[in-house]
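Please read the structure below before turning to the comments.
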Amino acid sequence: MVGTPAINANPQSDLRSVALLAWYDRHRRILPWRALPGERMEPYRVWLSEIMLQQTTVETVKPYFARFLAAWPDITALAAADDQALLAAWAGLGYYARARNMIACARHVVGTLGGVFPDTEEGLRALPGVGAYTAAAIAAIAFDRPAVVIDGNIERVITRLGAIATPVPAARPEIRAALEPMVPSARPGDFAQALMDLGAGVCTPRNPDCLICPLQPFCAAAKAGTATAYPVKAAKKAKPVRFGTAYVVHDGAGRILLRTRPGKGLLAGMTEVPNSGWSEGEAPAAAPPLKADWLVLNAPVVHVFTHFELRLTVHTATMPGPVPAPEDMRWVAIADLDSEPLPTLFRKVIAAAD
Ligand code: SF4
């Protein structure tokens, strides 16, 4: 449950926050979803960017954010979006549940909340697709609430600042306890963004530039010369490997055979080439979608999901003449692939067969 954080009783006495905000005033990043100094933050833009930024880098998100904003300039427009068009616009960003939750959230905000985003962490946390981190980030950035925001960049800065040796993610409560007293009651949104910017540009994973860092006088890791030792990471377990077979078939007239995935589960509702599904050990048995002279590519297409690695063996064929598409499949012109919600995995498969 998300609660209102206890805030430093005398926040302006926290020299770290003062130094950080002064640095932010000079070095803040210009980002398309950010208001310029003195402008009001637009909650729709903050929410859209925070959903897109989950597990995704700023540079990757920028063009998607611009396209979304052009197509759906406000929450009312997004709530009225066609599901398939939105999934197609999202294709390539990954973690597609975010896109489906985004539609559900927009419809909830418009249909139930009169088009107005809640302005508290608790209210935001109740929205579809908004977890504890995202609720805190939106509350701080859009509504200047003194929320404790901890993303990957902030985690790195705070573990270094306090030389927190507990491995992450077990260190989260310690990180929170260390950060909470630093959050100022004035400008908490800028404070959160300042920490994000510091982590992105100064306190970087491999080459922290402690000499220009506004937190250097307060930093235990910098003092000990051990900055890159933090955050300590728990040993990673190897991901299980799943295997499958994918079929890329062209009709000889510039079209490719595709189908739509089921409405539930991984990549729900997205477009795919016919395939066997996947399982550990060996690929499930599956007949090719059409009789043809199939060639098997030497190297499998490898794609890493959050919880497993997938290796798809790709079979490819070109039909000698037009044939009807099998049931639940369709021929789609290669030129029209951009309007299909085709995940990166299947884009890789089609490219490998080219
Ligand atoms: S002094 Fe160095 S290690 Fe410490 S917060 Fe700044 S950049 Fe990171």
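Following the order of the structure tokens, chains are lettered A, B, ..., residues in each are numbered from 1, and ligands are numbered from 1.
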
Next item on the list: Find the residues around region 238-242 of chain A up to 12 Å (only C-alpha atoms counted), leave out those fewer than 2 positions away in its own chain, and share them as number ranges by chain.
Entry: A: 235-236, 244-245, 276-284, 300-313

Do you have, as CSV, the list of residues of chain A lying at most 6 Å from ligand 1, each with its nearest atom pair and that distance in Å to one decimal, counting only C-alpha atoms and all ligand atoms and ordered by chain then number?
```
residue,atom,partner,partner_atom_place_in_ligand_line,distance
A:Val157,CA,ligand 1,5 (S),4.9
A:Arg160,CA,ligand 1,3 (S),5.1
A:Leu161,CA,ligand 1,4 (Fe),5.1
A:Val202,CA,ligand 1,7 (S),5.4
A:Cys203,CA,ligand 1,7 (S),3.7
A:Pro208,CA,ligand 1,7 (S),4.6
A:Asp209,CA,ligand 1,7 (S),5.0
A:Cys210,CA,ligand 1,2 (Fe),3.6
A:Cys213,CA,ligand 1,6 (Fe),4.5
A:Leu215,CA,ligand 1,6 (Fe),5.0
A:Gln216,CA,ligand 1,1 (S),3.6
A:Cys219,CA,ligand 1,4 (Fe),4.7
A:Ala221,CA,ligand 1,3 (S),5.7
A:Ala222,CA,ligand 1,1 (S),4.9
A:Ala227,CA,ligand 1,3 (S),4.5
```

Go ahead and dump the residues you just picked, N, CA and C atoms, as a CSV table (one decimal), in the first residue's frame.
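And here's selection_2.csv as it stands now:
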```
chain,number,residue,atom,x,y,z
A,157,VAL,N,22.0,6.4,-7.2
A,157,VAL,CA,22.5,7.5,-6.5
A,157,VAL,C,22.5,7.3,-4.9
A,160,ARG,N,24.9,4.8,-3.4
A,160,ARG,CA,26.3,5.4,-3.4
A,160,ARG,C,26.4,6.4,-2.3
A,161,LEU,N,25.4,7.3,-2.2
A,161,LEU,CA,25.4,8.4,-1.2
A,161,LEU,C,25.6,7.8,0.2
A,202,VAL,N,25.3,12.1,-14.5
A,202,VAL,CA,26.5,12.3,-13.7
A,202,VAL,C,26.8,11.0,-12.9
A,203,CYS,N,25.9,10.5,-12.1
A,203,CYS,CA,26.1,9.3,-11.3
A,203,CYS,C,25.8,8.1,-12.1
A,208,PRO,N,30.8,7.3,-12.9
A,208,PRO,CA,30.3,8.4,-12.2
A,208,PRO,C,31.3,9.6,-12.2
A,209,ASP,N,30.8,10.8,-12.5
A,209,ASP,CA,31.7,11.9,-12.5
A,209,ASP,C,31.6,12.7,-11.2
A,210,CYS,N,32.2,12.1,-10.2
A,210,CYS,CA,32.0,12.7,-8.8
A,210,CYS,C,32.6,14.1,-8.7
A,213,CYS,N,29.8,16.5,-9.3
A,213,CYS,CA,28.5,16.1,-8.7
A,213,CYS,C,28.1,17.0,-7.5
A,215,LEU,N,26.4,16.3,-5.1
A,215,LEU,CA,26.2,15.5,-3.8
A,215,LEU,C,27.6,15.0,-3.3
A,216,GLN,N,28.7,15.3,-4.1
A,216,GLN,CA,30.0,14.8,-3.7
A,216,GLN,C,30.4,15.1,-2.2
A,219,CYS,N,28.8,12.3,0.0
A,219,CYS,CA,28.7,11.0,-0.6
A,219,CYS,C,29.8,10.0,0.0
A,221,ALA,N,30.3,6.8,-0.8
A,221,ALA,CA,31.0,6.0,-1.7
A,221,ALA,C,32.1,6.8,-2.4
A,222,ALA,N,31.8,8.1,-2.7
A,222,ALA,CA,32.8,8.9,-3.4
A,222,ALA,C,34.0,9.1,-2.4
A,227,ALA,N,32.6,4.2,-5.7
A,227,ALA,CA,31.3,4.5,-6.2
A,227,ALA,C,30.7,3.4,-7.1
```

Item checked: Distance in Å - CA of Gln55 (chain A) versus CA of Arg26 (chain A) -> 27.7 Å

Item checked: Surrounding residues of Leu127 (chain A) excluding itself and chain neighbours under 4 positions, 9 Å, only C-alpha atoms, as a PyMOL selection string -> chain A and resi 101+104-105+108-109+118+123+131+135

Next item on the list: Using DSSP on the backbone coordinates, identify all residues within region 113-327 of chain A classified as helix (DSSP H, G or I); present the result as a PyMOL selection string.
Entry: chain A and resi 121-125+132-143+152-161+172-182+188-201+210-212+216-218+220-224+227-229

Checklist line | Polymer residues at most 10 Å from Ala136 (chain A), only C-alpha atoms, same-chain spacing of 5 or more positions, as a ChimeraX atom specification | finding: /A:2-4,120-122,124-125,130-131,141-142,145-150,189,192

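When only C-alpha atoms are used to measure the gap to Gly252 (chain A), the shortest distance among A:Lys264, A:Pro320, A:Phe218, A:Lys291 belongs to A:Pro320.
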
Next item on the list: For CA of Leu78 (chain A) and CA of Ala140 (chain A), determine how far apart the two atoms are, in Å to one decimal place.
Entry: 23.0 Å

Using only C-alpha atoms, which protein or nucleic acid residues come within 8 Å of Gly115 (chain A)? Drop anything in the same chain fewer than 5 positions from it, and give the result as a tab-separated table (two decimals) with N, CA and C atoms, in the first residue's frame.
```tsv
chain	number	residue	atom	x	y	z
A	75	ILE	N	-6.29	12.93	-22.82
A	75	ILE	CA	-6.82	11.68	-22.24
A	75	ILE	C	-8.15	11.29	-22.89
A	76	THR	N	-8.95	12.27	-23.27
A	76	THR	CA	-10.24	11.98	-23.90
A	76	THR	C	-10.01	11.32	-25.26
A	109	VAL	N	-10.36	6.91	-16.42
A	109	VAL	CA	-10.24	8.33	-16.04
A	109	VAL	C	-11.33	9.15	-16.72
A	110	VAL	N	-11.59	8.86	-18.00
A	110	VAL	CA	-12.60	9.64	-18.73
A	110	VAL	C	-14.02	9.21	-18.30
```

Margin query: I'd like to know which of A:Ala137, A:Pro231, A:Ala97, A:Ala177 is closest to Arg156 (chain A), using only C-alpha atoms.
Written below: A:Pro231

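Of the listed residues A:Arg107, A:Lys237, A:Arg98, A:Arg34, the one whose atoms come nearest to Ala77 (chain A) is A:Arg107, with distances taken using only C-alpha atoms.
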
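Taking CA of Gly269 (chain A) and CA of Leu86 (chain A) as endpoints, the distance between them is 11.4 Å.
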